[in-house]
>>> print(open('data_37.pdb').read())   # PDB, C-alpha atoms
ATOM      1  CA  MET A   1      44.400  -9.562  15.588  1.00  0.00           C
ATOM      2  CA  LYS A   2      41.935  -9.670  18.491  1.00  0.00           C
ATOM      3  CA  MET A   3      43.176 -10.574  21.943  1.00  0.00           C
ATOM      4  CA  ILE A   4      41.622 -13.706  23.355  1.00  0.00           C
ATOM      5  CA  ARG A   5      41.030 -13.754  27.074  1.00  0.00           C
ATOM      6  CA  GLU A   6      38.584 -15.262  29.475  1.00  0.00           C
ATOM      7  CA  GLU A   7      35.282 -13.431  29.812  1.00  0.00           C
ATOM      8  CA  SER A   8      35.638 -10.824  32.549  1.00  0.00           C
ATOM      9  CA  LEU A   9      33.549 -10.628  35.683  1.00  0.00           C
ATOM     10  CA  LEU A  10      32.163  -7.319  34.448  1.00  0.00           C
ATOM     11  CA  LEU A  11      30.896  -8.886  31.213  1.00  0.00           C
ATOM     12  CA  LYS A  12      29.442 -11.832  33.121  1.00  0.00           C
ATOM     13  CA  GLN A  13      27.576  -9.457  35.427  1.00  0.00           C
ATOM     14  CA  LEU A  14      26.470  -6.698  33.029  1.00  0.00           C
ATOM     15  CA  GLY A  15      26.128  -8.646  29.799  1.00  0.00           C
ATOM     16  CA  GLU A  16      27.836  -8.327  26.469  1.00  0.00           C
ATOM     17  CA  ALA A  17      26.473  -5.059  25.113  1.00  0.00           C
ATOM     18  CA  PRO A  18      28.932  -3.328  22.771  1.00  0.00           C
ATOM     19  CA  THR A  19      29.457  -0.379  25.141  1.00  0.00           C
ATOM     20  CA  ILE A  20      30.199  -2.777  28.013  1.00  0.00           C
ATOM     21  CA  LYS A  21      32.711  -4.681  25.863  1.00  0.00           C
ATOM     22  CA  ILE A  22      34.508  -1.432  24.984  1.00  0.00           C
ATOM     23  CA  LEU A  23      34.563  -0.269  28.606  1.00  0.00           C
ATOM     24  CA  ASP A  24      35.742  -3.686  29.741  1.00  0.00           C
ATOM     25  CA  PHE A  25      38.636  -3.579  27.267  1.00  0.00           C
ATOM     26  CA  PHE A  26      39.769  -0.191  28.550  1.00  0.00           C
ATOM     27  CA  LEU A  27      39.298  -1.243  32.200  1.00  0.00           C
ATOM     28  CA  TYR A  28      41.473  -4.293  31.516  1.00  0.00           C
ATOM     29  CA  ASN A  29      44.158  -2.008  30.037  1.00  0.00           C
ATOM     30  CA  PRO A  30      43.887   1.082  32.272  1.00  0.00           C
ATOM     31  CA  SER A  31      47.294   2.646  31.737  1.00  0.00           C
ATOM     32  CA  LEU A  32      47.422   2.220  27.976  1.00  0.00           C
ATOM     33  CA  ASP A  33      46.020   4.532  25.350  1.00  0.00           C
ATOM     34  CA  TYR A  34      44.649   3.364  22.019  1.00  0.00           C
ATOM     35  CA  SER A  35      43.530   4.838  18.748  1.00  0.00           C
ATOM     36  CA  LYS A  36      39.920   4.104  17.862  1.00  0.00           C
ATOM     37  CA  GLN A  37      41.163   1.931  15.014  1.00  0.00           C
ATOM     38  CA  GLU A  38      43.403  -0.170  17.279  1.00  0.00           C
ATOM     39  CA  ALA A  39      40.729  -0.500  19.980  1.00  0.00           C
ATOM     40  CA  SER A  40      38.169  -1.572  17.361  1.00  0.00           C
ATOM     41  CA  LYS A  41      40.503  -4.409  16.350  1.00  0.00           C
ATOM     42  CA  GLN A  42      40.857  -5.579  19.964  1.00  0.00           C
ATOM     43  CA  VAL A  43      37.198  -5.487  21.043  1.00  0.00           C
ATOM     44  CA  PRO A  44      35.225  -8.513  19.800  1.00  0.00           C
ATOM     45  CA  ILE A  45      32.460  -6.615  17.954  1.00  0.00           C
ATOM     46  CA  SER A  46      32.085  -5.436  14.360  1.00  0.00           C
ATOM     47  CA  GLY A  47      33.725  -2.203  13.327  1.00  0.00           C
ATOM     48  CA  SER A  48      30.481  -0.353  12.608  1.00  0.00           C
ATOM     49  CA  THR A  49      29.003  -1.404  15.962  1.00  0.00           C
ATOM     50  CA  PHE A  50      32.217  -0.332  17.683  1.00  0.00           C
ATOM     51  CA  PHE A  51      32.153   3.158  16.182  1.00  0.00           C
ATOM     52  CA  LYS A  52      28.452   3.671  17.012  1.00  0.00           C
ATOM     53  CA  ALA A  53      29.046   2.629  20.622  1.00  0.00           C
ATOM     54  CA  TRP A  54      32.246   4.690  20.783  1.00  0.00           C
ATOM     55  CA  LYS A  55      30.359   7.803  19.703  1.00  0.00           C
ATOM     56  CA  ALA A  56      27.857   7.369  22.562  1.00  0.00           C
ATOM     57  CA  LEU A  57      30.646   6.796  25.097  1.00  0.00           C
ATOM     58  CA  GLU A  58      32.658   9.716  23.744  1.00  0.00           C
ATOM     59  CA  SER A  59      29.706  12.077  24.208  1.00  0.00           C
ATOM     60  CA  SER A  60      29.581  11.001  27.876  1.00  0.00           C
ATOM     61  CA  GLU A  61      33.246  11.988  28.256  1.00  0.00           C
ATOM     62  CA  VAL A  62      34.203   8.456  29.270  1.00  0.00           C
ATOM     63  CA  PHE A  63      37.449   8.760  27.311  1.00  0.00           C
ATOM     64  CA  ILE A  64      40.141  11.367  27.372  1.00  0.00           C
ATOM     65  CA  GLN A  65      42.509  12.110  24.521  1.00  0.00           C
ATOM     66  CA  THR A  66      46.078  11.557  25.671  1.00  0.00           C
ATOM     67  CA  ARG A  67      48.042  12.378  22.534  1.00  0.00           C
ATOM     68  CA  LYS A  68      48.013  12.566  18.757  1.00  0.00           C
ATOM     69  CA  ILE A  69      50.179  10.581  16.382  1.00  0.00           C
ATOM     70  CA  GLY A  70      49.772  11.968  12.890  1.00  0.00           C
ATOM     71  CA  ARG A  71      46.037  12.153  12.270  1.00  0.00           C
ATOM     72  CA  ALA A  72      45.186   9.523  14.890  1.00  0.00           C
ATOM     73  CA  SER A  73      44.269  10.538  18.412  1.00  0.00           C
ATOM     74  CA  LEU A  74      44.933   8.130  21.259  1.00  0.00           C
ATOM     75  CA  ASP A  75      42.456   7.799  24.086  1.00  0.00           C
ATOM     76  CA  LYS A  76      42.162   6.095  27.430  1.00  0.00           C
ATOM     77  CA  LEU A  77      39.548   5.980  30.172  1.00  0.00           C
ATOM     78  CA  ASN A  78      38.857   9.294  31.836  1.00  0.00           C
ATOM     79  CA  ARG A  79      39.427   8.297  35.473  1.00  0.00           C
ATOM     80  CA  LYS A  80      38.054  11.662  36.623  1.00  0.00           C
ATOM     81  CA  ASN A  81      34.637  10.862  35.132  1.00  0.00           C
ATOM     82  CA  PRO A  82      32.221   9.778  37.932  1.00  0.00           C
ATOM     83  CA  VAL A  83      30.768   6.994  35.768  1.00  0.00           C
ATOM     84  CA  VAL A  84      34.223   5.561  35.097  1.00  0.00           C
ATOM     85  CA  GLN A  85      35.043   5.773  38.813  1.00  0.00           C
ATOM     86  CA  LYS A  86      31.899   3.770  39.630  1.00  0.00           C
ATOM     87  CA  LEU A  87      32.729   1.195  36.948  1.00  0.00           C
ATOM     88  CA  ILE A  88      36.191   0.770  38.439  1.00  0.00           C
ATOM     89  CA  GLU A  89      34.630   0.344  41.889  1.00  0.00           C
ATOM     90  CA  LEU A  90      32.173  -2.215  40.503  1.00  0.00           C
ATOM     91  CA  ASP A  91      34.952  -4.124  38.742  1.00  0.00           C
ATOM     92  CA  LEU A  92      36.997  -4.227  41.963  1.00  0.00           C
ATOM     93  CA  ALA A  93      33.954  -5.299  44.015  1.00  0.00           C
ATOM     94  CA  LEU A  94      33.195  -8.114  41.567  1.00  0.00           C
ATOM     95  CA  GLY A  95      36.804  -9.289  41.783  1.00  0.00           C
ATOM     96  CA  LYS A  96      36.736  -9.193  45.578  1.00  0.00           C
ATOM     97  CA  GLN A  97      33.467 -11.115  45.656  1.00  0.00           C
ATOM     98  CA  ALA A  98      34.857 -13.768  43.301  1.00  0.00           C
ATOM     99  CA  MET A  99      37.976 -14.156  45.450  1.00  0.00           C
ATOM    100  CA  GLU A 100      35.865 -14.570  48.590  1.00  0.00           C
ATOM    101  CA  LYS A 101      33.740 -17.239  46.897  1.00  0.00           C
ATOM    102  CA  ALA A 102      36.742 -19.143  45.533  1.00  0.00           C
ATOM    103  CA  PRO A 103      37.588 -20.991  48.801  1.00  0.00           C
ATOM    104  CA  GLU A 104      33.923 -21.955  49.221  1.00  0.00           C
ATOM    105  CA  GLN A 105      33.770 -23.335  45.691  1.00  0.00           C
ATOM    106  CA  ARG A 106      37.059 -25.164  46.183  1.00  0.00           C
ATOM    107  CA  ALA A 107      35.710 -26.748  49.387  1.00  0.00           C
ATOM    108  CA  ILE A 108      32.564 -27.881  47.558  1.00  0.00           C
ATOM    109  CA  ARG A 109      34.635 -29.401  44.741  1.00  0.00           C
ATOM    110  CA  GLU A 110      36.894 -31.168  47.234  1.00  0.00           C
ATOM    111  CA  SER A 111      33.907 -32.625  49.093  1.00  0.00           C
ATOM    112  CA  LEU A 112      32.519 -34.223  45.920  1.00  0.00           C
ATOM    113  CA  PRO A 113      33.540 -37.804  45.189  1.00  0.00           C
ATOM    114  CA  GLN A 114      36.470 -37.996  42.849  1.00  0.00           C
ATOM    115  CA  LEU A 115      35.791 -39.589  39.496  1.00  0.00           C
ATOM    116  CA  THR A 116      38.460 -41.915  38.232  1.00  0.00           C
ATOM    117  CA  PRO A 117      38.896 -43.063  34.663  1.00  0.00           C
ATOM    118  CA  ARG A 118      37.643 -46.544  33.909  1.00  0.00           C
ATOM    119  CA  GLU A 119      40.243 -49.188  33.598  1.00  0.00           C
ATOM    120  CA  GLU A 120      40.216 -51.008  30.303  1.00  0.00           C
ATOM    121  CA  THR A 121      39.522 -54.704  30.517  1.00  0.00           C
TER
END
>>> encode(input="data_37.pdb", output="structure tokens")
Amino acid sequence: MKMIREESLLLKQLGEAPTIKILDFFLYNPSLDYSKQEASKQVPISGSTFFKAWKALESSEVFIQTRKIGRASLDKLNRKNPVVQKLIELDLALGKQAMEKAPEQRAIRESLPQLTPREET
């Protein structure tokens, strides 16, 4: 079963390419490790697209194997990889920017006239 959550700031900013969706999933779950099979079930893309994108990310050493359970290997983001470090920085910067804009957006909403439901006659 796929997890349903609001679209992340990273996806809003970088788009919904399969590699970005996979990275976003692992950034959202940084301390957990997943088998490829389990991760493919959680990321909202087809299985074949997932495994193609995974192969490209794996060759860039974005993931690190943490352990093996039977034949399955479990992976998580390789936080020592410079690309992953920059993605984490970008994700944090996007979050900070969104938090700074939130009071401004709230003030704009509060300054707009309030709509009230029509009374039935």
>>> resolve_selection(input="data_37.pdb", expression="the PyMOL selection byres ((chain A and resi 37-44) around 12)", output="PyMOL selection string")
chain A and resi 1-5+7+16-26+28-29+32-36+45-54+71-76
>>> residues_around(input="data_37.pdb", residues="segment 79-92 of chain A", least_positions_apart="2", cutoff="7 Å", atoms="all atoms listed in the file", output="PDB file with C-alpha atoms, in the frame of the given file")
ATOM      1  CA  LEU A  10      32.163  -7.319  34.448  1.00  0.00           C
ATOM      2  CA  VAL A  62      34.203   8.456  29.270  1.00  0.00           C
ATOM      3  CA  LEU A  77      39.548   5.980  30.172  1.00  0.00           C
ATOM      4  CA  LEU A  94      33.195  -8.114  41.567  1.00  0.00           C
ATOM      5  CA  GLY A  95      36.804  -9.289  41.783  1.00  0.00           C
ATOM      6  CA  LYS A  96      36.736  -9.193  45.578  1.00  0.00           C
TER       7      LYS A  96
END
>>> atom_distance(input="data_37.pdb", atom1="atom CA of Ser8 of chain A", atom2="atom CA of Ala98 of chain A")
11.2 Å
>>> atom_distance(input="data_37.pdb", atom1="atom CA of Lys12 of chain A", atom2="atom CA of Lys101 of chain A")
15.4 Å
>>> atom_distance(input="data_37.pdb", atom1="atom CA of Gly15 of chain A", atom2="atom CA of Pro103 of chain A")
25.4 Å
>>> closest_residue(input="data_37.pdb", among="A:Ala102, A:Ala93, A:Leu11, A:Pro30", to="Asn78 of chain A", atoms="all atoms listed in the file")
A:Pro30
